[in-house]
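Presented below is the structure to which this report refers.
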Amino acid sequence: MIYQRAALREFANTAVAVFVALFAILLTTQLIRLLGQAAGGKLASEAVVALLGFGALNYLPVLLSLTLFIAVLMTLSRSYRDSEMIVWFSCGLPLTAWLRPVFMFALPMVLTICLLSLFLSPWALSKSVEYRQKMENRDDVSQVSPGSFRESAAADRVFFVEQVAGDEARVKNVFVSSVQHGHLGVMAAAQGHQQTMPNGDRFLVLENGRRYEGTPGQADYRVMEFERYAVRVEIPETQSVAETPKGLTLIELLQKPTPPNLGELLWRLGIPLAALNLAFLAIPLSFVNPRAGRTNNLILALLAYMTYSNLISVSQAWVAQGRMNFDLGVWLVHVVMFVMLLLLFSRRLMVFSWVRLWR
């Protein structure tokens, strides 16, 4: 029908605009956080792009769910403001006639959200944790980036490299500060490189530099010039990736039905169910009186979304803590919101019936 094709086209256009805006906000906030960690030395600069991609995949289910809700809400609200709904109602179309086009538009997005929530998002989260662990397991010298100070894992050395030579195997203008047996040693060299011995030991070899050694607060500093000076590089012990429910696959969650794993499973199943419920909930919430304020329904819709999301989080926490049975928690919140959806539909249909009788 005409109204269905028009509705689907406007749903899609609005969803694209909303998704681009929300995705840009997500990438910006994530990028600022990751760049702050990289500037503080907590994260390698070369890991920012990879972690940004993993983070975007992790938040995509929630982002698409919110996009679906806002797209339906904004489209139908615009129809009320421009009095298009009055035209459709005058042609004999009830409010429930919008269930079909909304379902046709929401079904592909809900299936995508389900796929992302159950499979792709946990994979991205586990890869992000694994990549971070891989960066942290590198030795101190490998984590040094040009133009920034880097503290060793034992907090007894500070490295600084001004620039990297053309072959990327040598560095120029190296600064190393170390504390040994209460004595402070500061070395500055024109260049340096890494060297691996036959037994596997690794050294940072400094060339053409000076070493200043002494005790802070005293004037008996010693100054030594050297052509070659080797600093042993401590290789940290490889740490295994900690296993958390968020990084487990769907099969692993089902094979290990512990309370934390069941809580994570409830969250993954709840996102697509909530997206479908919210899409239908946007139909009665989109009502706007053209002669009244235009923000009342948006405030109510925002409160409904926040309440729904918080209730799912509370159910997940209770199941993870063993305070609620999984069989009850997995559907309780969605049934409550579905009953609210029916009440809103019945109230809106009753209002329209009274208006028709009065006319």
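Simple scheme: letters A, B, ... for chains in structure tokens order, numbers from 1 for residues in each chain, numbers from 1 for ligands in the order shown.
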Spatial neighbours of segment 270-287 of chain A, 8 Å, only C-alpha atoms, chain gap at least 5 places, as a PyMOL selection string: chain A and resi 61-62+65-66+68-70+72-74+76-77+80+98-99+102-103+106-107+110-111+113-114+117+297-298+300-301+305+308+312+330+334+337-338+341+344-345+348
Could the residues in this selection be written to a file with N, CA and C atoms, as an mmCIF file, in the first residue's frame?
```
data_model
loop_
_atom_site.group_PDB
_atom_site.id
_atom_site.type_symbol
_atom_site.label_atom_id
_atom_site.label_comp_id
_atom_site.auth_asym_id
_atom_site.auth_seq_id
_atom_site.Cartn_x
_atom_site.Cartn_y
_atom_site.Cartn_z
ATOM 1 N N PRO A 61 25.452 -3.476 18.655
ATOM 2 C CA PRO A 61 24.082 -3.919 18.965
ATOM 3 C C PRO A 61 23.250 -2.866 19.681
ATOM 4 N N VAL A 62 23.810 -2.244 20.702
ATOM 5 C CA VAL A 62 23.079 -1.195 21.423
ATOM 6 C C VAL A 62 22.838 0.001 20.515
ATOM 7 N N SER A 65 20.016 -0.807 18.105
ATOM 8 C CA SER A 65 18.745 -0.840 18.835
ATOM 9 C C SER A 65 18.221 0.577 19.071
ATOM 10 N N LEU A 66 19.096 1.459 19.487
ATOM 11 C CA LEU A 66 18.695 2.850 19.695
ATOM 12 C C LEU A 66 18.334 3.522 18.374
ATOM 13 N N LEU A 68 16.991 2.090 15.718
ATOM 14 C CA LEU A 68 15.670 1.609 15.330
ATOM 15 C C LEU A 68 14.572 2.341 16.093
ATOM 16 N N PHE A 69 14.750 2.500 17.375
ATOM 17 C CA PHE A 69 13.751 3.178 18.207
ATOM 18 C C PHE A 69 13.589 4.641 17.796
ATOM 19 N N ILE A 70 14.688 5.340 17.620
ATOM 20 C CA ILE A 70 14.623 6.763 17.277
ATOM 21 C C ILE A 70 14.062 6.958 15.876
ATOM 22 N N VAL A 72 11.844 5.108 14.121
ATOM 23 C CA VAL A 72 10.391 4.950 14.113
ATOM 24 C C VAL A 72 9.726 6.101 14.851
ATOM 25 N N LEU A 73 10.303 6.496 15.979
ATOM 26 C CA LEU A 73 9.713 7.567 16.781
ATOM 27 C C LEU A 73 9.718 8.895 16.029
ATOM 28 N N MET A 74 10.831 9.252 15.415
ATOM 29 C CA MET A 74 10.928 10.530 14.718
ATOM 30 C C MET A 74 10.047 10.565 13.471
ATOM 31 N N LEU A 76 7.177 8.851 12.813
ATOM 32 C CA LEU A 76 5.766 8.955 13.147
ATOM 33 C C LEU A 76 5.451 10.284 13.836
ATOM 34 N N SER A 77 6.369 10.805 14.620
ATOM 35 C CA SER A 77 6.157 12.112 15.241
ATOM 36 C C SER A 77 6.058 13.206 14.181
ATOM 37 N N TYR A 80 2.620 13.169 12.708
ATOM 38 C CA TYR A 80 1.641 13.839 13.568
ATOM 39 C C TYR A 80 1.772 15.357 13.461
ATOM 40 N N TRP A 98 -0.086 0.570 11.566
ATOM 41 C CA TRP A 98 1.349 0.865 11.474
ATOM 42 C C TRP A 98 2.208 -0.271 12.008
ATOM 43 N N LEU A 99 1.585 -1.284 12.595
ATOM 44 C CA LEU A 99 2.367 -2.413 13.102
ATOM 45 C C LEU A 99 3.064 -3.166 11.966
ATOM 46 N N VAL A 102 6.135 -1.162 10.465
ATOM 47 C CA VAL A 102 7.184 -1.101 11.487
ATOM 48 C C VAL A 102 7.847 -2.462 11.644
ATOM 49 N N PHE A 103 7.046 -3.538 11.615
ATOM 50 C CA PHE A 103 7.624 -4.882 11.733
ATOM 51 C C PHE A 103 8.481 -5.213 10.515
ATOM 52 N N ALA A 106 11.681 -3.319 11.022
ATOM 53 C CA ALA A 106 12.463 -3.691 12.204
ATOM 54 C C ALA A 106 13.050 -5.087 12.106
ATOM 55 N N LEU A 107 12.383 -5.996 11.356
ATOM 56 C CA LEU A 107 12.834 -7.394 11.343
ATOM 57 C C LEU A 107 14.269 -7.558 10.858
ATOM 58 N N VAL A 110 16.576 -6.230 13.608
ATOM 59 C CA VAL A 110 16.582 -7.069 14.810
ATOM 60 C C VAL A 110 17.421 -8.320 14.573
ATOM 61 N N LEU A 111 17.315 -8.911 13.381
ATOM 62 C CA LEU A 111 18.141 -10.077 13.068
ATOM 63 C C LEU A 111 19.631 -9.713 13.052
ATOM 64 N N ILE A 113 20.979 -7.229 14.790
ATOM 65 C CA ILE A 113 21.336 -7.006 16.193
ATOM 66 C C ILE A 113 21.552 -8.335 16.914
ATOM 67 N N CYS A 114 20.702 -9.312 16.622
ATOM 68 C CA CYS A 114 20.846 -10.640 17.243
ATOM 69 C C CYS A 114 22.174 -11.278 16.852
ATOM 70 N N SER A 117 24.971 -9.322 18.637
ATOM 71 C CA SER A 117 24.967 -9.504 20.087
ATOM 72 C C SER A 117 25.435 -10.891 20.501
ATOM 73 N N ASN A 297 6.549 14.066 24.075
ATOM 74 C CA ASN A 297 6.653 12.653 23.712
ATOM 75 C C ASN A 297 8.105 12.192 23.646
ATOM 76 N N LEU A 298 9.033 13.109 23.268
ATOM 77 C CA LEU A 298 10.441 12.733 23.224
ATOM 78 C C LEU A 298 10.989 12.472 24.624
ATOM 79 N N LEU A 300 9.191 11.485 27.209
ATOM 80 C CA LEU A 300 8.593 10.226 27.653
ATOM 81 C C LEU A 300 9.280 9.030 26.997
ATOM 82 N N ALA A 301 9.607 9.157 25.700
ATOM 83 C CA ALA A 301 10.295 8.076 25.012
ATOM 84 C C ALA A 301 11.693 7.849 25.582
ATOM 85 N N TYR A 305 13.043 4.368 27.277
ATOM 86 C CA TYR A 305 14.248 3.651 26.848
ATOM 87 C C TYR A 305 15.222 3.445 28.015
ATOM 88 N N TYR A 308 13.834 0.806 30.401
ATOM 89 C CA TYR A 308 13.963 -0.531 29.807
ATOM 90 C C TYR A 308 15.399 -1.035 29.906
ATOM 91 N N ILE A 312 16.886 -4.260 32.252
ATOM 92 C CA ILE A 312 17.653 -5.390 31.725
ATOM 93 C C ILE A 312 18.976 -5.535 32.467
ATOM 94 N N VAL A 330 15.008 -13.942 32.041
ATOM 95 C CA VAL A 330 15.232 -13.773 30.612
ATOM 96 C C VAL A 330 14.008 -13.187 29.915
ATOM 97 N N HIS A 334 10.855 -8.078 29.529
ATOM 98 C CA HIS A 334 10.270 -7.898 28.201
ATOM 99 C C HIS A 334 8.749 -8.071 28.242
ATOM 100 N N MET A 337 7.322 -4.816 29.699
ATOM 101 C CA MET A 337 7.302 -3.760 28.699
ATOM 102 C C MET A 337 6.271 -4.037 27.608
ATOM 103 N N PHE A 338 6.040 -5.307 27.293
ATOM 104 C CA PHE A 338 5.016 -5.640 26.294
ATOM 105 C C PHE A 338 3.616 -5.325 26.823
ATOM 106 N N LEU A 341 3.189 -1.766 26.483
ATOM 107 C CA LEU A 341 2.909 -1.457 25.082
ATOM 108 C C LEU A 341 1.430 -1.645 24.774
ATOM 109 N N LEU A 344 -0.580 1.232 26.339
ATOM 110 C CA LEU A 344 -0.461 2.479 25.589
ATOM 111 C C LEU A 344 -1.272 2.428 24.298
ATOM 112 N N PHE A 345 -1.253 1.281 23.620
ATOM 113 C CA PHE A 345 -2.056 1.138 22.403
ATOM 114 C C PHE A 345 -3.541 1.266 22.715
ATOM 115 N N ARG A 348 -4.412 4.883 23.491
ATOM 116 C CA ARG A 348 -4.413 5.734 22.311
ATOM 117 C C ARG A 348 -5.614 5.426 21.416
#
```
Atomic distance atom CA of Pro101 of chain A - atom CA of Arg9 of chain A, expressed in Å with one decimal: 10.2 Å
Would you pick out the contacts of segment 119-135 of chain A at 7 Å or less, using only C-alpha atoms, so that residues sharing its chain but fewer than 6 positions from it are not included, and give the list as a compact mmCIF listing (two decimals) with N, CA and C atoms, in the first residue's frame?
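Final output, result24.txt:
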```txt
# COMPACT_ATOMS: atom_id res chain seq x y z
N ALA A 44 49.90 1.62 23.65
CA ALA A 44 50.76 1.89 22.51
C ALA A 44 49.99 2.64 21.44
N LEU A 51 42.00 -1.06 18.46
CA LEU A 51 41.08 -1.05 19.59
C LEU A 51 39.84 -0.21 19.30
N PHE A 54 37.57 -2.59 17.34
CA PHE A 54 36.98 -3.60 18.22
C PHE A 54 35.90 -2.98 19.11
N LEU A 57 32.64 -2.39 17.10
CA LEU A 57 31.89 -3.63 16.92
C LEU A 57 31.19 -4.06 18.21
N ASN A 58 31.81 -3.81 19.33
CA ASN A 58 31.23 -4.20 20.61
C ASN A 58 29.95 -3.42 20.92
N VAL A 241 45.47 -14.31 29.06
CA VAL A 241 44.29 -13.46 29.02
C VAL A 241 43.26 -13.98 30.02
N LYS A 246 31.99 -11.92 29.36
CA LYS A 246 31.75 -11.06 28.20
C LYS A 246 32.51 -11.54 26.97
N GLY A 247 33.64 -12.20 27.15
CA GLY A 247 34.44 -12.65 26.03
C GLY A 247 34.18 -14.08 25.60
N LEU A 248 33.28 -14.79 26.28
CA LEU A 248 32.99 -16.17 25.93
C LEU A 248 32.03 -16.24 24.75
N THR A 249 32.15 -17.29 23.97
CA THR A 249 31.24 -17.49 22.86
C THR A 249 29.90 -18.02 23.37
N LEU A 250 28.93 -18.05 22.48
CA LEU A 250 27.60 -18.52 22.87
C LEU A 250 27.64 -19.99 23.30
```
Proximity to Val18 of chain A - best of A:Thr67, A:Gln4, A:Gly36, A:Asn261, only C-alpha atoms: A:Thr67
Which of segment 243-345 of chain A fall in helix (DSSP H, G or I), as a count of residues only: 81
DSSP-assigned strand (DSSP E) members of segment 174-238 of chain A, reported as a PyMOL selection string: chain A and resi 174-180+183-196+202-214+222-233
If we count only C-alpha atoms, what is near segment 199-212 of chain A at a cut-off of 12 Å, once residues fewer than 6 positions away on the same chain are taken out, given as an mmCIF file with N, CA and C atoms, in the first residue's frame?
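Generated output (selection23.cif):
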```
data_model
loop_
_atom_site.group_PDB
_atom_site.id
_atom_site.type_symbol
_atom_site.label_atom_id
_atom_site.label_comp_id
_atom_site.auth_asym_id
_atom_site.auth_seq_id
_atom_site.Cartn_x
_atom_site.Cartn_y
_atom_site.Cartn_z
ATOM 1 N N ASP A 139 58.406 -6.064 25.726
ATOM 2 C CA ASP A 139 59.438 -5.558 26.623
ATOM 3 C C ASP A 139 59.391 -4.031 26.645
ATOM 4 N N ASP A 140 60.142 -3.438 27.601
ATOM 5 C CA ASP A 140 60.085 -1.998 27.825
ATOM 6 C C ASP A 140 60.544 -1.197 26.619
ATOM 7 N N VAL A 141 61.598 -1.662 25.951
ATOM 8 C CA VAL A 141 62.139 -0.905 24.834
ATOM 9 C C VAL A 141 61.190 -0.955 23.637
ATOM 10 N N SER A 142 60.530 -2.077 23.430
ATOM 11 C CA SER A 142 59.609 -2.196 22.300
ATOM 12 C C SER A 142 58.408 -1.284 22.449
ATOM 13 N N PHE A 159 62.725 5.641 29.648
ATOM 14 C CA PHE A 159 63.346 5.704 28.332
ATOM 15 C C PHE A 159 62.739 6.866 27.544
ATOM 16 N N VAL A 161 63.219 8.451 23.397
ATOM 17 C CA VAL A 161 63.835 8.417 22.074
ATOM 18 C C VAL A 161 63.280 9.594 21.289
ATOM 19 N N ALA A 169 65.671 0.464 12.575
ATOM 20 C CA ALA A 169 66.368 -0.445 13.477
ATOM 21 C C ALA A 169 67.234 0.321 14.469
ATOM 22 N N ARG A 170 67.494 1.573 14.188
ATOM 23 C CA ARG A 170 68.311 2.404 15.053
ATOM 24 C C ARG A 170 67.520 3.640 15.451
ATOM 25 N N VAL A 171 67.839 4.166 16.613
ATOM 26 C CA VAL A 171 67.178 5.362 17.127
ATOM 27 C C VAL A 171 68.234 6.414 17.413
ATOM 28 N N LYS A 172 67.820 7.673 17.420
ATOM 29 C CA LYS A 172 68.734 8.788 17.638
ATOM 30 C C LYS A 172 68.327 9.563 18.883
ATOM 31 N N ASN A 173 69.362 10.138 19.529
ATOM 32 C CA ASN A 173 69.166 10.967 20.714
ATOM 33 C C ASN A 173 68.371 10.213 21.777
ATOM 34 N N VAL A 174 69.052 9.248 22.397
ATOM 35 C CA VAL A 174 68.429 8.370 23.386
ATOM 36 C C VAL A 174 68.715 8.895 24.780
ATOM 37 N N PHE A 175 67.700 8.834 25.648
ATOM 38 C CA PHE A 175 67.842 9.232 27.049
ATOM 39 C C PHE A 175 67.331 8.086 27.908
ATOM 40 N N VAL A 176 68.161 7.660 28.886
ATOM 41 C CA VAL A 176 67.785 6.578 29.793
ATOM 42 C C VAL A 176 68.112 7.015 31.216
ATOM 43 N N SER A 177 67.120 6.939 32.078
ATOM 44 C CA SER A 177 67.316 7.227 33.503
ATOM 45 C C SER A 177 66.997 5.966 34.290
ATOM 46 N N SER A 178 67.918 5.549 35.165
ATOM 47 C CA SER A 178 67.730 4.311 35.920
ATOM 48 C C SER A 178 68.190 4.513 37.354
ATOM 49 N N VAL A 179 67.642 3.698 38.259
ATOM 50 C CA VAL A 179 68.000 3.729 39.681
ATOM 51 C C VAL A 179 68.490 2.337 40.055
ATOM 52 N N HIS A 183 71.422 4.634 43.701
ATOM 53 C CA HIS A 183 72.157 5.592 42.890
ATOM 54 C C HIS A 183 71.380 5.872 41.611
ATOM 55 N N LEU A 184 71.323 7.135 41.268
ATOM 56 C CA LEU A 184 70.641 7.557 40.063
ATOM 57 C C LEU A 184 71.634 7.630 38.911
ATOM 58 N N GLY A 185 71.301 6.976 37.811
ATOM 59 C CA GLY A 185 72.145 7.011 36.633
ATOM 60 C C GLY A 185 71.380 7.565 35.446
ATOM 61 N N VAL A 186 71.969 8.557 34.802
ATOM 62 C CA VAL A 186 71.346 9.187 33.646
ATOM 63 C C VAL A 186 72.291 9.044 32.465
ATOM 64 N N MET A 187 71.781 8.495 31.363
ATOM 65 C CA MET A 187 72.604 8.298 30.168
ATOM 66 C C MET A 187 71.963 9.021 28.993
ATOM 67 N N ALA A 188 72.805 9.660 28.221
ATOM 68 C CA ALA A 188 72.381 10.333 26.997
ATOM 69 C C ALA A 188 73.327 9.926 25.885
ATOM 70 N N ALA A 189 72.767 9.419 24.802
ATOM 71 C CA ALA A 189 73.590 8.920 23.701
ATOM 72 C C ALA A 189 73.073 9.470 22.381
ATOM 73 N N ALA A 190 74.000 9.556 21.415
ATOM 74 C CA ALA A 190 73.620 10.084 20.099
ATOM 75 C C ALA A 190 72.739 9.109 19.351
ATOM 76 N N GLN A 191 72.966 7.814 19.526
ATOM 77 C CA GLN A 191 72.154 6.821 18.839
ATOM 78 C C GLN A 191 72.228 5.503 19.591
ATOM 79 N N GLY A 192 71.401 4.556 19.185
ATOM 80 C CA GLY A 192 71.378 3.253 19.836
ATOM 81 C C GLY A 192 70.607 2.256 19.017
ATOM 82 N N HIS A 193 70.708 0.977 19.425
ATOM 83 C CA HIS A 193 69.997 -0.092 18.746
ATOM 84 C C HIS A 193 69.864 -1.267 19.702
ATOM 85 N N ALA A 219 76.671 16.181 45.814
ATOM 86 C CA ALA A 219 77.394 16.761 44.669
ATOM 87 C C ALA A 219 78.449 15.834 44.083
ATOM 88 N N ASP A 220 78.597 14.628 44.627
ATOM 89 C CA ASP A 220 79.660 13.719 44.148
ATOM 90 C C ASP A 220 79.175 12.888 42.953
ATOM 91 N N TYR A 221 78.797 13.555 41.896
ATOM 92 C CA TYR A 221 78.372 12.864 40.678
ATOM 93 C C TYR A 221 79.593 12.491 39.842
ATOM 94 N N ARG A 222 79.514 11.356 39.190
ATOM 95 C CA ARG A 222 80.566 10.918 38.284
ATOM 96 C C ARG A 222 80.068 11.029 36.848
ATOM 97 N N VAL A 223 80.935 11.482 35.983
ATOM 98 C CA VAL A 223 80.607 11.648 34.569
ATOM 99 C C VAL A 223 81.527 10.750 33.773
ATOM 100 N N MET A 224 80.926 9.896 32.950
ATOM 101 C CA MET A 224 81.696 8.959 32.131
ATOM 102 C C MET A 224 81.249 9.087 30.685
ATOM 103 N N GLU A 225 82.238 9.082 29.797
ATOM 104 C CA GLU A 225 81.950 9.064 28.376
ATOM 105 C C GLU A 225 82.190 7.660 27.841
ATOM 106 N N PHE A 226 81.372 7.235 26.901
ATOM 107 C CA PHE A 226 81.510 5.883 26.376
ATOM 108 C C PHE A 226 81.219 5.888 24.873
ATOM 109 N N GLU A 227 81.824 4.877 24.240
ATOM 110 C CA GLU A 227 81.525 4.644 22.832
ATOM 111 C C GLU A 227 80.384 3.641 22.675
ATOM 112 N N ARG A 228 80.372 2.632 23.555
ATOM 113 C CA ARG A 228 79.287 1.646 23.553
ATOM 114 C C ARG A 228 78.916 1.333 25.001
ATOM 115 N N TYR A 229 77.612 1.313 25.261
ATOM 116 C CA TYR A 229 77.141 0.997 26.609
ATOM 117 C C TYR A 229 75.878 0.129 26.438
ATOM 118 N N ALA A 230 75.886 -1.058 27.032
ATOM 119 C CA ALA A 230 74.785 -2.009 26.874
ATOM 120 C C ALA A 230 73.926 -2.009 28.142
ATOM 121 N N VAL A 231 72.641 -1.857 27.966
ATOM 122 C CA VAL A 231 71.670 -1.900 29.058
ATOM 123 C C VAL A 231 70.790 -3.121 28.851
ATOM 124 N N ARG A 232 70.748 -3.979 29.842
ATOM 125 C CA ARG A 232 69.958 -5.205 29.736
ATOM 126 C C ARG A 232 68.468 -4.865 29.719
ATOM 127 N N VAL A 233 67.765 -5.467 28.798
ATOM 128 C CA VAL A 233 66.318 -5.256 28.671
ATOM 129 C C VAL A 233 65.602 -6.431 29.317
ATOM 130 N N GLU A 234 64.816 -6.127 30.345
ATOM 131 C CA GLU A 234 64.077 -7.174 31.038
ATOM 132 C C GLU A 234 62.836 -7.547 30.232
ATOM 133 N N ILE A 235 62.687 -8.825 29.958
ATOM 134 C CA ILE A 235 61.535 -9.320 29.212
ATOM 135 C C ILE A 235 60.476 -9.771 30.218
ATOM 136 N N PRO A 236 59.308 -9.155 30.226
ATOM 137 C CA PRO A 236 58.290 -9.528 31.210
ATOM 138 C C PRO A 236 57.742 -10.924 30.953
#
```
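Neighbouring residues of Phe11 of chain A at 8 Å or closer, counting only C-alpha atoms and skipping chain neighbours under 6 positions away, are A:Ala71, A:Val72, A:Thr75, A:Phe105.
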Polymer residues at most 12 Å from Leu262 of chain A, only C-alpha atoms, same-chain spacing of 4 or more positions, as an MDAnalysis selection string: chainID A and resid 245:246 248 250:258 266:270 315:322 324:330
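Atom pair atom CA of Glu10 of chain A / atom CA of Val339 of chain A: separated by 27.9 Å.
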